[in-house]
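Containing TSV, C-alpha atoms: target.tsv.
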chain	number	residue	atom	x	y	z
A	9	MET	CA	0.00	0.00	0.00
A	10	LYS	CA	1.07	3.56	-0.73
A	11	LYS	CA	2.00	5.80	2.21
A	12	LEU	CA	-0.53	8.64	2.29
A	13	ILE	CA	0.06	10.60	5.52
A	14	GLU	CA	3.21	11.03	7.61
A	15	LEU	CA	3.31	12.67	11.01
A	16	LYS	CA	6.88	13.47	12.00
A	17	GLY	CA	7.77	14.62	15.51
A	18	ILE	CA	4.42	16.35	16.08
A	19	THR	CA	4.17	18.28	19.34
A	20	LYS	CA	1.37	20.52	20.53
A	21	ALA	CA	1.04	22.74	23.58
A	22	PHE	CA	-1.93	24.79	24.77
A	23	GLY	CA	-1.05	27.56	27.19
A	24	GLY	CA	2.13	25.84	28.28
A	25	GLN	CA	0.48	22.44	28.71
A	26	VAL	CA	1.98	19.87	26.34
A	27	VAL	CA	-0.74	17.60	24.91
A	28	LEU	CA	1.30	15.89	22.16
A	29	LYS	CA	4.87	14.78	22.85
A	30	GLY	CA	6.54	13.97	19.55
A	31	ILE	CA	4.03	11.91	17.55
A	32	ASP	CA	5.40	9.81	14.66
A	33	LEU	CA	2.82	7.94	12.57
A	34	ASP	CA	2.43	6.64	9.01
A	35	ILE	CA	-1.02	6.11	7.48
A	36	TYR	CA	-1.54	4.29	4.18
A	37	GLU	CA	-4.09	4.43	1.37
A	38	ASN	CA	-7.44	2.70	1.99
A	39	GLU	CA	-6.70	1.97	5.67
A	40	PHE	CA	-9.26	2.23	8.45
A	41	VAL	CA	-7.10	3.70	11.22
A	42	THR	CA	-8.41	4.29	14.74
A	43	LEU	CA	-6.82	6.64	17.26
A	44	LEU	CA	-7.77	5.05	20.58
A	45	GLY	CA	-7.22	6.22	24.11
A	46	PRO	CA	-8.80	7.78	27.21
A	47	SER	CA	-10.12	11.33	27.32
A	48	GLY	CA	-7.34	13.90	27.19
A	49	CYS	CA	-4.76	11.58	25.61
A	50	GLY	CA	-4.30	13.75	22.50
A	51	LYS	CA	-6.21	11.72	19.90
A	52	THR	CA	-8.64	14.49	18.85
A	53	THR	CA	-5.80	17.02	18.75
A	54	THR	CA	-3.90	14.67	16.42
A	55	LEU	CA	-6.97	14.40	14.18
A	56	ARG	CA	-7.43	18.17	14.11
A	57	ILE	CA	-3.77	18.67	13.15
A	58	ILE	CA	-4.19	16.21	10.25
A	59	GLY	CA	-7.32	18.12	9.15
A	60	GLY	CA	-5.67	21.53	9.47
A	61	PHE	CA	-7.92	22.77	12.29
A	62	GLU	CA	-4.90	23.04	14.62
A	63	LYS	CA	-1.27	23.87	13.86
A	64	PRO	CA	1.40	21.75	15.55
A	65	SER	CA	3.86	23.49	17.86
A	66	SER	CA	6.60	21.59	16.04
A	67	GLY	CA	6.94	18.73	13.56
A	68	GLU	CA	5.71	18.02	10.04
A	69	VAL	CA	2.49	16.80	8.46
A	70	LEU	CA	3.03	15.31	4.99
A	71	PHE	CA	0.42	14.22	2.44
A	72	ASN	CA	1.85	12.15	-0.41
A	73	GLY	CA	5.32	13.24	0.69
A	74	GLU	CA	4.59	16.98	0.61
A	75	SER	CA	4.15	19.32	3.58
A	76	VAL	CA	0.64	20.72	4.15
A	77	ALA	CA	1.73	23.07	6.94
A	78	ASP	CA	0.40	26.15	5.14
A	79	LEU	CA	-2.79	24.59	3.73
A	80	PRO	CA	-6.10	25.47	5.45
A	81	PRO	CA	-8.64	22.68	6.07
A	82	HIS	CA	-10.67	23.28	2.89
A	83	LYS	CA	-7.57	22.90	0.71
A	84	ARG	CA	-6.41	19.62	2.25
A	85	PRO	CA	-7.48	16.27	0.72
A	86	THR	CA	-9.61	15.58	3.80
A	87	ASN	CA	-13.18	15.96	4.99
A	88	THR	CA	-14.44	15.69	8.56
A	89	VAL	CA	-17.47	14.17	10.29
A	90	PHE	CA	-17.80	15.63	13.78
A	91	GLN	CA	-19.53	14.20	16.86
A	92	ARG	CA	-22.30	16.73	16.27
A	93	TYR	CA	-23.12	16.20	12.65
A	94	ALA	CA	-23.65	19.92	11.85
A	95	LEU	CA	-26.38	19.25	9.29
A	96	PHE	CA	-28.36	22.17	7.91
A	97	PRO	CA	-31.85	21.92	9.47
A	98	HIS	CA	-33.49	24.09	6.78
A	99	LEU	CA	-32.30	21.75	3.98
A	100	ASP	CA	-33.61	18.28	3.15
A	101	VAL	CA	-31.36	15.23	2.84
A	102	TYR	CA	-30.68	15.78	-0.87
A	103	GLU	CA	-29.58	19.38	-0.42
A	104	ASN	CA	-27.49	18.60	2.67
A	105	VAL	CA	-25.52	16.03	0.69
A	106	ALA	CA	-25.30	18.24	-2.43
A	107	PHE	CA	-24.18	21.32	-0.48
A	108	GLY	CA	-20.42	20.82	-0.91
A	109	LEU	CA	-20.69	20.28	-4.66
A	110	ARG	CA	-22.71	23.48	-5.11
A	111	LEU	CA	-19.83	25.45	-3.54
A	112	LYS	CA	-17.21	24.12	-5.94
A	113	LYS	CA	-16.11	26.60	-8.59
A	114	GLU	CA	-15.97	23.97	-11.33
A	115	TYR	CA	-19.62	23.13	-10.69
A	116	GLN	CA	-20.67	26.79	-10.58
A	117	LYS	CA	-19.11	27.32	-14.02
A	118	MET	CA	-21.12	24.49	-15.62
A	119	PRO	CA	-24.40	25.07	-17.49
A	120	ALA	CA	-27.30	24.74	-15.05
A	121	LYS	CA	-28.83	21.64	-16.65
A	122	ALA	CA	-25.55	19.73	-16.84
A	123	ARG	CA	-24.64	20.79	-13.29
A	124	GLU	CA	-27.90	19.55	-11.80
A	125	ALA	CA	-27.68	16.26	-13.70
A	126	LEU	CA	-24.16	15.63	-12.37
A	127	ILE	CA	-25.13	16.62	-8.82
A	128	GLU	CA	-28.14	14.29	-8.94
A	129	GLN	CA	-25.95	11.44	-10.17
A	130	LYS	CA	-23.42	11.92	-7.37
A	131	VAL	CA	-25.99	12.44	-4.61
A	132	SER	CA	-27.73	9.21	-5.69
A	133	LYS	CA	-24.42	7.34	-5.66
A	134	TYR	CA	-23.51	8.36	-2.12
A	135	LEU	CA	-27.01	8.01	-0.67
A	136	GLN	CA	-26.97	4.46	-2.01
A	137	MET	CA	-23.56	3.91	-0.42
A	138	VAL	CA	-24.87	4.92	3.02
A	139	GLY	CA	-28.23	3.16	2.64
A	140	LEU	CA	-30.48	6.23	2.36
A	141	VAL	CA	-32.02	5.83	-1.09
A	142	GLY	CA	-35.60	7.11	-0.89
A	143	TYR	CA	-34.82	9.66	1.84
A	144	GLU	CA	-33.87	12.47	-0.54
A	145	ASN	CA	-36.79	14.74	0.39
A	146	ARG	CA	-36.81	13.92	4.12
A	147	SER	CA	-36.24	16.74	6.60
A	148	VAL	CA	-33.06	15.97	8.56
A	149	HIS	CA	-34.59	16.90	11.92
A	150	LYS	CA	-37.19	14.14	11.42
A	151	MET	CA	-34.49	11.47	11.09
A	152	SER	CA	-32.96	9.23	13.74
A	153	GLY	CA	-29.43	9.80	15.03
A	154	GLY	CA	-28.09	6.94	12.92
A	155	GLN	CA	-29.75	8.29	9.78
A	156	GLN	CA	-28.41	11.79	10.46
A	157	GLN	CA	-24.95	10.34	10.83
A	158	ARG	CA	-25.23	8.65	7.43
A	159	VAL	CA	-26.29	11.96	5.87
A	160	ALA	CA	-23.20	13.60	7.39
A	161	ILE	CA	-20.98	10.83	6.02
A	162	ALA	CA	-22.54	11.05	2.53
A	163	ARG	CA	-22.06	14.84	2.58
A	164	ALA	CA	-18.39	14.36	3.47
A	165	LEU	CA	-17.78	11.58	0.93
A	166	ILE	CA	-19.41	13.32	-2.03
A	167	ASN	CA	-16.44	15.71	-2.26
A	168	GLU	CA	-14.31	12.59	-2.79
A	169	PRO	CA	-11.55	13.33	-0.28
A	170	GLN	CA	-8.53	11.09	0.01
A	171	VAL	CA	-9.10	10.91	3.77
A	172	LEU	CA	-12.25	11.02	5.89
A	173	LEU	CA	-11.69	12.16	9.48
A	174	LEU	CA	-14.27	11.00	12.05
A	175	ASP	CA	-14.22	12.49	15.54
A	176	GLU	CA	-16.20	10.13	17.82
A	177	PRO	CA	-19.20	10.15	15.44
A	178	LEU	CA	-20.95	7.26	17.25
A	179	ALA	CA	-20.81	8.75	20.74
A	180	ALA	CA	-24.33	10.22	20.63
A	181	LEU	CA	-26.01	6.98	19.54
A	182	ASP	CA	-27.59	4.36	21.81
A	183	LEU	CA	-25.76	1.06	22.31
A	184	LYS	CA	-27.65	-1.08	19.78
A	185	LEU	CA	-27.50	1.53	17.04
A	186	ARG	CA	-23.83	2.21	17.79
A	187	GLN	CA	-23.03	-1.48	17.33
A	188	GLU	CA	-24.94	-1.61	14.04
A	189	MET	CA	-23.16	1.49	12.75
A	190	GLN	CA	-19.74	0.00	13.52
A	191	TYR	CA	-20.26	-2.65	10.83
A	192	GLU	CA	-21.90	-0.20	8.45
A	193	LEU	CA	-19.04	2.31	8.74
A	194	LYS	CA	-16.50	-0.39	7.88
A	195	GLU	CA	-18.61	-1.43	4.88
A	196	ILE	CA	-18.91	2.21	3.74
A	197	GLN	CA	-15.12	2.58	3.99
A	198	ARG	CA	-14.57	-0.54	1.87
A	199	ASN	CA	-17.05	0.65	-0.76
A	200	ALA	CA	-15.68	4.20	-0.84
A	201	GLY	CA	-12.10	2.95	-1.19
A	202	ILE	CA	-10.59	5.80	0.83
A	203	THR	CA	-8.71	6.17	4.10
A	204	PHE	CA	-10.76	6.61	7.29
A	205	ILE	CA	-9.15	8.03	10.44
A	206	PHE	CA	-11.48	7.44	13.37
A	207	VAL	CA	-11.19	8.78	16.92
A	208	THR	CA	-12.75	6.90	19.84
A	209	HIS	CA	-12.21	5.92	23.46
A	210	ASP	CA	-14.34	2.78	22.93
A	211	GLN	CA	-12.22	-0.36	22.65
A	212	GLU	CA	-15.00	-2.42	21.05
A	213	GLU	CA	-15.40	0.14	18.26
A	214	ALA	CA	-11.67	0.09	17.59
A	215	LEU	CA	-11.42	-3.71	17.54
A	216	THR	CA	-14.51	-4.12	15.35
A	217	MET	CA	-13.73	-1.62	12.59
A	218	SER	CA	-10.02	-0.99	12.34
A	219	ASP	CA	-7.29	-2.22	10.04
A	220	LYS	CA	-4.82	-0.45	12.33
A	221	ILE	CA	-5.19	0.80	15.90
A	222	VAL	CA	-3.04	3.58	17.37
A	223	VAL	CA	-3.18	3.40	21.17
A	224	MET	CA	-2.45	6.76	22.81
A	225	ASN	CA	-2.03	7.98	26.37
A	226	GLU	CA	-0.82	11.27	27.83
A	227	GLY	CA	0.16	12.69	24.44
A	228	GLU	CA	2.20	9.69	23.29
A	229	ILE	CA	1.67	6.70	21.01
A	230	LEU	CA	2.14	3.52	23.04
A	231	GLN	CA	1.46	0.91	20.36
A	232	VAL	CA	0.47	0.66	16.70
A	233	GLY	CA	-0.82	-2.59	15.23
A	234	THR	CA	-3.71	-4.65	13.94
A	235	PRO	CA	-6.61	-5.32	16.33
A	236	GLU	CA	-5.25	-8.86	16.79
A	237	ASP	CA	-1.75	-7.57	17.62
A	238	ILE	CA	-3.01	-4.97	20.06
A	239	TYR	CA	-5.29	-7.43	21.85
A	240	ASN	CA	-3.08	-10.54	21.86
A	241	GLU	CA	0.35	-8.92	22.19
A	242	PRO	CA	-0.04	-5.67	24.18
A	243	SER	CA	3.22	-3.77	24.53
A	244	SER	CA	2.61	-2.46	28.04
A	245	ARG	CA	0.50	-2.79	31.16
A	246	PHE	CA	-1.53	0.26	30.10
A	247	VAL	CA	-2.39	-1.19	26.67
A	248	ALA	CA	-3.26	-4.57	28.17
A	249	GLY	CA	-5.53	-2.96	30.75
A	250	PHE	CA	-7.15	-0.53	28.33
A	251	ILE	CA	-7.91	-3.04	25.55
A	252	GLY	CA	-10.33	-5.57	27.00
A	253	GLU	CA	-10.15	-7.16	30.44
A	254	SER	CA	-6.92	-8.63	31.73
A	255	ASN	CA	-5.27	-10.35	34.64
A	256	ILE	CA	-1.93	-8.52	34.84
A	257	ILE	CA	0.71	-10.15	37.02
A	258	GLU	CA	4.31	-9.27	37.85
A	259	GLY	CA	6.71	-12.14	37.15
A	260	ILE	CA	10.28	-13.09	36.24
A	261	MET	CA	11.41	-14.25	32.81
A	262	LYS	CA	13.79	-16.98	33.93
A	263	ASP	CA	14.81	-17.98	30.39
A	264	ASP	CA	13.45	-18.12	26.85
A	265	TYR	CA	10.02	-19.80	26.95
A	266	LEU	CA	10.05	-20.01	30.77
A	267	VAL	CA	8.37	-17.50	33.08
A	268	HIS	CA	7.87	-17.53	36.86
A	269	PHE	CA	4.88	-16.06	38.69
A	270	ASP	CA	2.77	-16.82	41.75
A	271	GLY	CA	5.42	-19.20	43.06
A	272	LYS	CA	5.68	-21.50	40.00
A	273	ASP	CA	7.45	-21.80	36.65
A	274	TYR	CA	5.32	-21.86	33.49
A	275	VAL	CA	6.20	-22.64	29.89
A	276	CYS	CA	5.30	-19.79	27.50
A	277	VAL	CA	5.96	-18.87	23.85
A	278	ASP	CA	7.88	-15.63	24.51
A	279	TYR	CA	11.62	-15.19	24.21
A	280	GLY	CA	14.34	-12.56	23.81
A	281	PHE	CA	14.20	-11.18	27.35
A	282	LYS	CA	17.19	-10.98	29.69
A	283	LYS	CA	17.56	-13.89	32.08
A	284	ASN	CA	15.66	-13.22	35.32
A	285	GLU	CA	14.22	-9.97	33.93
A	286	VAL	CA	11.23	-8.62	35.85
A	287	VAL	CA	8.24	-8.60	33.48
A	288	ASP	CA	4.48	-8.16	33.36
A	289	ILE	CA	2.32	-11.12	32.37
A	290	VAL	CA	-1.13	-10.85	30.79
A	291	LEU	CA	-3.70	-13.64	31.13
A	292	ARG	CA	-6.96	-12.77	29.37
A	293	PRO	CA	-10.12	-13.93	31.25
A	294	GLU	CA	-11.42	-15.85	28.21
A	295	ASP	CA	-8.11	-17.78	27.97
A	296	LEU	CA	-8.44	-19.21	31.48
A	297	ASP	CA	-10.57	-22.21	32.34
A	298	ILE	CA	-11.84	-23.75	35.56
A	299	VAL	CA	-11.38	-27.46	36.29
A	300	GLU	CA	-11.77	-29.73	39.29
A	301	PRO	CA	-9.52	-29.08	42.32
A	302	GLY	CA	-6.03	-30.55	41.84
A	303	GLN	CA	-6.35	-30.88	38.05
A	304	GLY	CA	-5.04	-27.43	37.07
A	305	PHE	CA	-2.07	-25.14	37.76
A	306	ILE	CA	-3.45	-22.77	40.39
A	307	GLU	CA	-5.82	-23.63	43.24
A	308	GLY	CA	-8.44	-21.24	44.53
A	309	ILE	CA	-11.97	-20.56	45.74
A	310	VAL	CA	-14.79	-18.97	43.73
A	311	ASP	CA	-15.12	-15.50	45.26
A	312	SER	CA	-17.94	-14.13	43.10
A	313	ILE	CA	-19.94	-14.98	39.98
A	314	ILE	CA	-21.80	-12.67	37.57
A	315	PHE	CA	-23.96	-13.84	34.66
A	316	LYS	CA	-23.08	-11.78	31.56
A	317	GLY	CA	-25.48	-13.37	29.06
A	318	VAL	CA	-23.01	-15.25	26.85
A	319	HIS	CA	-20.72	-16.27	29.71
A	320	TYR	CA	-20.19	-16.16	33.46
A	321	GLU	CA	-17.59	-13.79	34.89
A	322	ILE	CA	-16.07	-15.62	37.82
A	323	ASP	CA	-13.51	-14.26	40.27
A	324	VAL	CA	-11.33	-16.97	41.78
A	325	LYS	CA	-9.39	-16.07	44.92
A	326	THR	CA	-5.94	-17.69	45.21
A	327	PRO	CA	-3.26	-17.25	47.89
A	328	GLU	CA	-1.55	-14.61	45.69
A	329	ARG	CA	-4.39	-12.73	43.98
A	330	ILE	CA	-7.89	-12.80	42.48
A	331	TYR	CA	-8.16	-14.07	38.89
A	332	THR	CA	-11.06	-13.03	36.66
A	333	ILE	CA	-12.25	-15.83	34.34
A	334	HIS	CA	-14.87	-15.92	31.58
A	335	THR	CA	-16.48	-19.33	31.16
A	336	ILE	CA	-19.77	-20.81	29.98
A	337	LYS	CA	-19.80	-23.24	32.93
A	338	TYR	CA	-21.38	-22.31	36.25
A	339	HIS	CA	-19.32	-22.73	39.43
A	340	ALA	CA	-20.94	-21.98	42.77
A	341	GLU	CA	-19.62	-19.25	45.01
A	342	GLY	CA	-17.35	-20.70	47.71
A	343	SER	CA	-16.49	-23.86	45.76
A	344	GLN	CA	-12.93	-25.14	45.51
A	345	VAL	CA	-11.60	-24.99	41.93
A	346	SER	CA	-8.41	-25.12	39.88
A	347	ILE	CA	-7.32	-22.78	37.06
A	348	VAL	CA	-5.75	-24.02	33.82
A	349	PHE	CA	-4.42	-22.33	30.68
A	350	ASP	CA	-2.27	-23.06	27.61
A	351	LYS	CA	1.29	-21.81	27.09
A	352	GLU	CA	0.06	-19.65	24.15
A	353	ASP	CA	-2.23	-17.79	26.56
A	354	VAL	CA	0.66	-16.48	28.70
A	355	HIS	CA	1.58	-13.09	27.18
A	356	VAL	CA	4.85	-11.63	28.54
A	357	MET	CA	5.58	-7.89	28.29
A	358	GLU	CA	8.47	-5.64	29.22
A	359	LYS	CA	7.78	-3.94	32.53
A	360	TRP	CA	7.27	-0.17	32.10
Would you mind writing the structure in this file as structure tokens?
Amino acid sequence: MKKLIELKGITKAFGGQVVLKGIDLDIYENEFVTLLGPSGCGKTTTLRIIGGFEKPSSGEVLFNGESVADLPPHKRPTNTVFQRYALFPHLDVYENVAFGLRLKKEYQKMPAKAREALIEQKVSKYLQMVGLVGYENRSVHKMSGGQQQRVAIARALINEPQVLLLDEPLAALDLKLRQEMQYELKEIQRNAGITFIFVTHDQEEALTMSDKIVVMNEGEILQVGTPEDIYNEPSSRFVAGFIGESNIIEGIMKDDYLVHFDGKDYVCVDYGFKKNEVVDIVLRPEDLDIVEPGQGFIEGIVDSIIFKGVHYEIDVKTPERIYTIHTIKYHAEGSQVSIVFDKEDVHVMEKW
């Protein structure tokens, strides 16, 4: 894939407070990239710098290898969908989507009949892409939040930007609609064939939609990778704790493929650490299982049990700690149990 955007050493300070601390990031054509992190981590500021709404304190923003430092937002190959969709309430769906085309000089110079025919063709194309054919004459204030969001996306896409920037556009939707829109957004991105850069603090959104996730905290990028990489091989305790649920344990990497924690040695698949290096170990709740006492690796007592619909969340208290386990089997509170896992489920990280 061709490299589309390069951020090089981007810093940003507001009133003496540094919110970005030297961001380096490459984004490629046709990627769905998610900037993920807690509130205040710098993800929206990064998006606004890419879009030209903020200027970095230092560093470079390159599009196709050329600096865009002096280009205002409307001259960059981007368009933005904000959390508040900023639709025009006095215009119907058709005119909201057509609005950007009507402002373009090349359209204004065309004969009226040819211009309207081309606008109609493009509006139809993008309303079909977002699933709103038949809504052309609908007033936007009579539409649901999800429908309004699709109008905003169609309005942004019709200008055919190289990059669509989305700043937490699902935040205002209810849970069920938000989950539906996650799949629809990914499908829209595939059909449009352009790069999406999406900002969210919701881990499920990031894992569901992204080709690449950029995990941020306190103005820094902590890890960049596919959803599978980020989830299965977190680079730090913060990433492991932020992406999904985790049992995070301090241990010692005694040798390649051998780690020690909670008083025992365990075979793992990790290597390349120093001998006897202090490390963090991640055991995901869904990778642990409960068996009869004496048949597993770690003995304990069921401390609590919560039914989550598709599984039980069970806390097992051991002499060293409490382990959280997701299982489809019920185990009564207070019962003696044993915990088991595979060597592939022991994820070892450098201790930060």
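Considering all atoms listed in the file, the residue among A:Tyr320, A:Phe90, A:Phe246, A:Tyr102 positioned nearest to Thr208 (chain A) is A:Phe90.
Closest approach to Lys316 (chain A) among A:Ile298, A:Ala77, A:Val356, A:Ile336 is made by A:Ile336 (distances from only C-alpha atoms).
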For this session: Show me as a ChimeraX atom specification the residues that reach within 12 Å of (-10.5, 8.7, 12.1), counting all atoms listed in the file and using the file's own coordinates.
Result: /A:35,39-44,51-56,58-59,86-91,171-178,193-194,197,202-209,213-214,217-222
For this session: Pick out the residues sitting within 10 Å of Ile18 (chain A), and hand them over as a list in words; count all atoms listed in the file, and ignore anything fewer than 5 positions along from it in its own chain.
Result: Leu28, Lys29, Gly30, Ile31, Asp32, Leu33, Thr54, Ile57, Lys63, Pro64, Ser65, Ser66, Gly67, Glu68 and Val69 of chain A
Exercise. In Å to one decimal, how far is CA of Lys20 (chain A) from CA of Cys49 (chain A)?
Worked result: 12.0 Å
For region 54-63 of chain A of the block above, can you save all heavy atoms as a short mmCIF file (atom, residue, chain, number, x, y, z; two decimals), in the first residue's frame?
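What ended up in part_38.cif:
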data_model
loop_
_atom_site.label_atom_id
_atom_site.label_comp_id
_atom_site.auth_asym_id
_atom_site.auth_seq_id
_atom_site.Cartn_x
_atom_site.Cartn_y
_atom_site.Cartn_z
N THR A 54 -4.62 15.26 17.56
CA THR A 54 -3.90 14.67 16.42
C THR A 54 -4.77 14.72 15.17
O THR A 54 -4.30 15.09 14.08
CB THR A 54 -3.51 13.21 16.73
OG1 THR A 54 -2.70 13.18 17.91
CG2 THR A 54 -2.75 12.59 15.58
N LEU A 55 -6.05 14.36 15.31
CA LEU A 55 -6.97 14.40 14.18
C LEU A 55 -7.12 15.82 13.64
O LEU A 55 -7.11 16.04 12.41
CB LEU A 55 -8.34 13.85 14.60
CG LEU A 55 -9.33 13.57 13.47
CD1 LEU A 55 -9.02 12.21 12.84
CD2 LEU A 55 -10.76 13.58 13.97
N ARG A 56 -7.24 16.78 14.53
CA ARG A 56 -7.43 18.17 14.11
C ARG A 56 -6.17 18.72 13.42
O ARG A 56 -6.27 19.54 12.51
CB ARG A 56 -7.81 19.04 15.32
CG ARG A 56 -9.21 18.75 15.83
CD ARG A 56 -9.54 19.57 17.08
NE ARG A 56 -9.51 20.99 16.81
CZ ARG A 56 -10.51 21.67 16.27
NH1 ARG A 56 -11.64 21.07 15.92
NH2 ARG A 56 -10.40 22.98 16.06
N ILE A 57 -5.01 18.26 13.82
CA ILE A 57 -3.77 18.67 13.15
C ILE A 57 -3.71 18.09 11.74
O ILE A 57 -3.33 18.77 10.79
CB ILE A 57 -2.54 18.24 13.99
CG1 ILE A 57 -2.41 19.16 15.22
CG2 ILE A 57 -1.26 18.28 13.16
CD1 ILE A 57 -1.36 18.73 16.21
N ILE A 58 -4.14 16.82 11.58
CA ILE A 58 -4.19 16.21 10.25
C ILE A 58 -5.15 17.00 9.35
O ILE A 58 -4.87 17.25 8.18
CB ILE A 58 -4.61 14.74 10.33
CG1 ILE A 58 -3.52 13.91 11.03
CG2 ILE A 58 -4.89 14.16 8.94
CD1 ILE A 58 -3.94 12.48 11.35
N GLY A 59 -6.30 17.40 9.92
CA GLY A 59 -7.32 18.12 9.15
C GLY A 59 -7.01 19.59 8.93
O GLY A 59 -7.69 20.24 8.13
N GLY A 60 -6.02 20.12 9.63
CA GLY A 60 -5.67 21.53 9.47
C GLY A 60 -6.41 22.47 10.39
O GLY A 60 -6.30 23.70 10.25
N PHE A 61 -7.17 21.93 11.35
CA PHE A 61 -7.92 22.77 12.29
C PHE A 61 -7.04 23.26 13.44
O PHE A 61 -7.39 24.21 14.14
CB PHE A 61 -9.11 22.01 12.86
CG PHE A 61 -10.08 21.54 11.80
CD1 PHE A 61 -10.10 20.22 11.39
CD2 PHE A 61 -10.94 22.44 11.19
CE1 PHE A 61 -10.98 19.79 10.41
CE2 PHE A 61 -11.82 22.02 10.20
CZ PHE A 61 -11.84 20.69 9.81
N GLU A 62 -5.90 22.61 13.65
CA GLU A 62 -4.90 23.04 14.62
C GLU A 62 -3.53 22.99 13.94
O GLU A 62 -3.28 22.13 13.09
CB GLU A 62 -4.86 22.11 15.85
CG GLU A 62 -6.12 22.06 16.66
CD GLU A 62 -6.33 23.27 17.55
OE1 GLU A 62 -5.43 24.13 17.61
OE2 GLU A 62 -7.41 23.36 18.16
N LYS A 63 -2.65 23.91 14.34
CA LYS A 63 -1.27 23.87 13.86
C LYS A 63 -0.39 23.25 14.93
O LYS A 63 -0.51 23.59 16.11
CB LYS A 63 -0.78 25.28 13.52
CG LYS A 63 -1.35 25.83 12.22
CD LYS A 63 -0.53 27.02 11.74
CE LYS A 63 -0.96 27.41 10.33
NZ LYS A 63 -0.09 28.48 9.78
#
